[in-house]
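J.: Before anything else, here's the structure in question.
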Amino acid sequence: MTVAQATTDDGTLELTITVPWNDVQSTFDAVVSDTTKKTEIPGFRKGKAPQKLIEDKLDETKIYEEVLQRLIPKLYNDAIKQAGVRPLISPKIELKEATKNKDWIIIARTCQRPKATVGDYKKAVGETKAKKIWTPGEEKKKEKKPSLDVVLKALLSVIMVDIPKLLIEHEVNRLLSELIDQTKQLGLTVEQYLASTGRNAQSVRTEYEEQAKRTLMLEFGLEEVADKEGILVSDDDIDTVIKTAKTDDERKGLERERYYLVSILRRQKTIDFLSSL
């Protein structure tokens with residue numbers, strides 16, 4: 001197997017994987033063998049019919065579909081290791097060439113974490129406090145921390161990052177999936193729900209695209225600030241959260257999501273840091 005790596009203008013990572021025909025053939029033979037063992041033909045006991053007779057009755061298209069299902073996960077994992085990349089999302093797979101007795105070409109499209117550049121975030125957040133005007137004669141109140149929305153808006157104003165279209169699309173699809181689940185719980189179709197809110201499919205997608213861009217920009221911006229400020233999450237921080245679990249199943253679930261907890265807690269610590277500026 002060989003892998004060619006390229007990044008498109010919109011930040012999409014393309015891995016072109018060339019699979020030797022011998023690998024395809026051996027997988028094909030394995031699928032046929034497994035299928036033969038499970039196939040029943042009148043006049044023969046299960047798995048005892050002549051293989052040639054069974055092969056003549058097999059749907060070759062379905063066999064090759066199974067070949068791909070077996071090949072692609074391993075090919076993709078080997079490809080990202082060989083290319084030395086760390087994808088953020090599951091790949092979109094394109095079977096570019098699949099001719100019998102010739103090497104196959106598969107293209108996997110995904111994206112890596114983009115590099116965010118953050119400007120003077122301390123100044124940006126600090127200016128949110130300076131904008132509060134005190135009128136003479138009024139009692140000075142104890143200064144409060146700016147609201148979360150104000151802090152994030154200030155941070156957004158100094159973040160510069162090119163987000164891959166594939167990543168935005170992935171986030172939009174996640175939001176749409178949540179919308180479908182929510183409307184089902186309400187006993188409505190998506191169309192009925194949108195009609196009741198005066199929106200349509202296109203306006204919702206546009207709305208979600210903007211939401212996805214904002215969410216992703218903040219995610220990458222907060223990570224950059226955390227790196228600059230050396231903000232870390234300790235084992236004690238994680239254990240404190242896990243101890244809040246109300247049931248044993250909930251605790252086990254949090255344990256399994258330990259890595260995810262780190263990212264959430266680090267993000268919150270960063271927001272707290274910015275709010276205290």
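Quick note on naming: the chains in the structure tokens go A, B, ... in the order shown, residues restart at 1 in each chain, and ligands are numbered from 1 in order of appearance.
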Which residues come within 9 Å of range 145-162 of chain A, counting only C-alpha atoms, excluding same-chain residues fewer than 5 positions away, as a list in words?
T.: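 The residues satisfying every condition are Asp10, Gly11, Pro114, Lys115, Ala116, Thr117, Val118, Gly119, Asp120, Tyr121, Lys122, Ala124, Val125, Gly126, Glu127, Thr128, Lys129, Arg214, Met217, Leu218, Phe220, Gly221, Leu222, Ile271, Leu274, Ser275, Ser276 and Leu277 of chain A.
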J.: Can you tell me, as a PyMOL selection string, what residues are no more than 12 Å from Glu169 in chain A when counting only C-alpha atoms, ignoring any on the same chain fewer than 6 positions away?
T.: chain A and resi 12+89+92+110-111+163+175-176+205-206+208-213+216
J.: So which residues touch Gly253 in chain A within 10 Å, counting only C-alpha atoms, skipping near sequence neighbours fewer than 6 positions away, as a PyMOL selection string?
T.: chain A and resi 242+245+247
J.: Could you check the closest approach to Ile231 in chain A for each of A:Val262, A:Val204, A:Ile107, A:Leu68 and tell me which residue wins, using only C-alpha atoms?
T.: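 Comparing A:Val262, A:Val204, A:Ile107, A:Leu68 against Ile231 in chain A, the winner is A:Val262.
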J.: Counting only C-alpha atoms, which of A:Thr183, A:Thr61, A:Thr35, A:Thr2 gets nearest to Asp103 in chain A?
T.: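 Among the listed residues, the smallest separation from Asp103 in chain A belongs to A:Thr2.
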J.: Taking only range 22-211 of chain A into account, list the residues labelled strand (DSSP E) by DSSP (computed from the backbone), as a ChimeraX atom specification.
T.: /A:92-97,104-110,117-118,159-160
J.: Next, write the just-selected residues to a file, as a PDB file, in the first residue's frame, keeping N, CA, C and O atoms as the atom set.
T.:
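Saved result, part35.pdb, follows:
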ATOM      1  N   LYS A  92     -14.414  10.884   4.661  1.00  0.00           N
ATOM      2  CA  LYS A  92     -15.315  10.590   3.554  1.00  0.00           C
ATOM      3  C   LYS A  92     -14.511   9.765   2.561  1.00  0.00           C
ATOM      4  O   LYS A  92     -13.416  10.167   2.164  1.00  0.00           O
ATOM      5  N   ILE A  93     -15.048   8.621   2.169  1.00  0.00           N
ATOM      6  CA  ILE A  93     -14.307   7.689   1.331  1.00  0.00           C
ATOM      7  C   ILE A  93     -14.822   7.731  -0.109  1.00  0.00           C
ATOM      8  O   ILE A  93     -16.026   7.684  -0.354  1.00  0.00           O
ATOM      9  N   GLU A  94     -13.900   7.833  -1.049  1.00  0.00           N
ATOM     10  CA  GLU A  94     -14.246   7.759  -2.475  1.00  0.00           C
ATOM     11  C   GLU A  94     -13.446   6.620  -3.114  1.00  0.00           C
ATOM     12  O   GLU A  94     -12.212   6.576  -2.990  1.00  0.00           O
ATOM     13  N   LEU A  95     -14.148   5.710  -3.762  1.00  0.00           N
ATOM     14  CA  LEU A  95     -13.478   4.640  -4.497  1.00  0.00           C
ATOM     15  C   LEU A  95     -13.161   5.178  -5.880  1.00  0.00           C
ATOM     16  O   LEU A  95     -14.009   5.208  -6.762  1.00  0.00           O
ATOM     17  N   LYS A  96     -11.927   5.621  -6.045  1.00  0.00           N
ATOM     18  CA  LYS A  96     -11.533   6.299  -7.290  1.00  0.00           C
ATOM     19  C   LYS A  96     -11.378   5.324  -8.446  1.00  0.00           C
ATOM     20  O   LYS A  96     -11.858   5.569  -9.551  1.00  0.00           O
ATOM     21  N   GLU A  97     -10.695   4.236  -8.203  1.00  0.00           N
ATOM     22  CA  GLU A  97     -10.501   3.220  -9.242  1.00  0.00           C
ATOM     23  C   GLU A  97     -10.646   1.836  -8.616  1.00  0.00           C
ATOM     24  O   GLU A  97     -10.054   1.560  -7.579  1.00  0.00           O
ATOM     25  N   TRP A 104      -6.193  -0.929  -6.769  1.00  0.00           N
ATOM     26  CA  TRP A 104      -7.322  -0.040  -6.489  1.00  0.00           C
ATOM     27  C   TRP A 104      -6.816   1.274  -5.905  1.00  0.00           C
ATOM     28  O   TRP A 104      -5.774   1.315  -5.237  1.00  0.00           O
ATOM     29  N   ILE A 105      -7.567   2.339  -6.165  1.00  0.00           N
ATOM     30  CA  ILE A 105      -7.211   3.650  -5.617  1.00  0.00           C
ATOM     31  C   ILE A 105      -8.398   4.175  -4.802  1.00  0.00           C
ATOM     32  O   ILE A 105      -9.506   4.300  -5.318  1.00  0.00           O
ATOM     33  N   ILE A 106      -8.131   4.458  -3.545  1.00  0.00           N
ATOM     34  CA  ILE A 106      -9.153   4.960  -2.624  1.00  0.00           C
ATOM     35  C   ILE A 106      -8.714   6.328  -2.098  1.00  0.00           C
ATOM     36  O   ILE A 106      -7.545   6.514  -1.733  1.00  0.00           O
ATOM     37  N   ILE A 107      -9.625   7.285  -2.098  1.00  0.00           N
ATOM     38  CA  ILE A 107      -9.318   8.608  -1.562  1.00  0.00           C
ATOM     39  C   ILE A 107     -10.099   8.813  -0.263  1.00  0.00           C
ATOM     40  O   ILE A 107     -11.326   8.671  -0.236  1.00  0.00           O
ATOM     41  N   ALA A 108      -9.382   9.125   0.795  1.00  0.00           N
ATOM     42  CA  ALA A 108     -10.003   9.416   2.094  1.00  0.00           C
ATOM     43  C   ALA A 108      -9.860  10.912   2.354  1.00  0.00           C
ATOM     44  O   ALA A 108      -8.746  11.442   2.352  1.00  0.00           O
ATOM     45  N   ARG A 109     -10.984  11.581   2.559  1.00  0.00           N
ATOM     46  CA  ARG A 109     -10.961  13.036   2.812  1.00  0.00           C
ATOM     47  C   ARG A 109     -11.344  13.312   4.267  1.00  0.00           C
ATOM     48  O   ARG A 109     -12.378  12.878   4.737  1.00  0.00           O
ATOM     49  N   THR A 110     -10.515  14.058   4.958  1.00  0.00           N
ATOM     50  CA  THR A 110     -10.763  14.416   6.346  1.00  0.00           C
ATOM     51  C   THR A 110     -10.082  15.755   6.605  1.00  0.00           C
ATOM     52  O   THR A 110      -9.787  16.495   5.667  1.00  0.00           O
ATOM     53  N   THR A 117      -4.634  31.705  15.300  1.00  0.00           N
ATOM     54  CA  THR A 117      -3.805  32.815  15.755  1.00  0.00           C
ATOM     55  C   THR A 117      -4.697  33.743  16.567  1.00  0.00           C
ATOM     56  O   THR A 117      -5.754  34.152  16.095  1.00  0.00           O
ATOM     57  N   VAL A 118      -4.273  34.033  17.780  1.00  0.00           N
ATOM     58  CA  VAL A 118      -5.083  34.875  18.656  1.00  0.00           C
ATOM     59  C   VAL A 118      -4.341  36.170  18.942  1.00  0.00           C
ATOM     60  O   VAL A 118      -3.176  36.154  19.340  1.00  0.00           O
ATOM     61  N   ILE A 159      -9.613  36.360  17.148  1.00  0.00           N
ATOM     62  CA  ILE A 159      -9.227  35.030  16.653  1.00  0.00           C
ATOM     63  C   ILE A 159      -9.156  35.030  15.132  1.00  0.00           C
ATOM     64  O   ILE A 159     -10.065  35.520  14.465  1.00  0.00           O
ATOM     65  N   MET A 160      -8.077  34.475  14.617  1.00  0.00           N
ATOM     66  CA  MET A 160      -7.932  34.300  13.174  1.00  0.00           C
ATOM     67  C   MET A 160      -7.630  32.831  12.891  1.00  0.00           C
ATOM     68  O   MET A 160      -6.618  32.308  13.357  1.00  0.00           O
TER      69      MET A 160
END
J.: Compare A:Leu194, A:Val172, A:Val241, A:Ala4 by their minimum atom-to-atom distance to Gln82 in chain A, counting only C-alpha atoms, and give me the closest one.
T.: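 Nearest candidate to Gln82 in chain A out of A:Leu194, A:Val172, A:Val241, A:Ala4: A:Ala4.
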J.: Any idea what the distance is between CA of Lys38 in chain A and CA of Glu60 in chain A?
T.: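 Rounded to one decimal, the two atoms are 16.0 Å apart.
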J.: Smallest atom-to-atom distance to Lys57 in chain A: which of A:Gln185, A:Ser196, A:Gln69, A:Thr36, using only C-alpha atoms?
T.: A:Thr36
J.: Which residue is closest to Glu219 in chain A? Choose from A:Ser263, A:Thr8, A:Thr18, A:Thr27 and count only C-alpha atoms.
T.: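 Nearest candidate to Glu219 in chain A out of A:Ser263, A:Thr8, A:Thr18, A:Thr27: A:Ser263.
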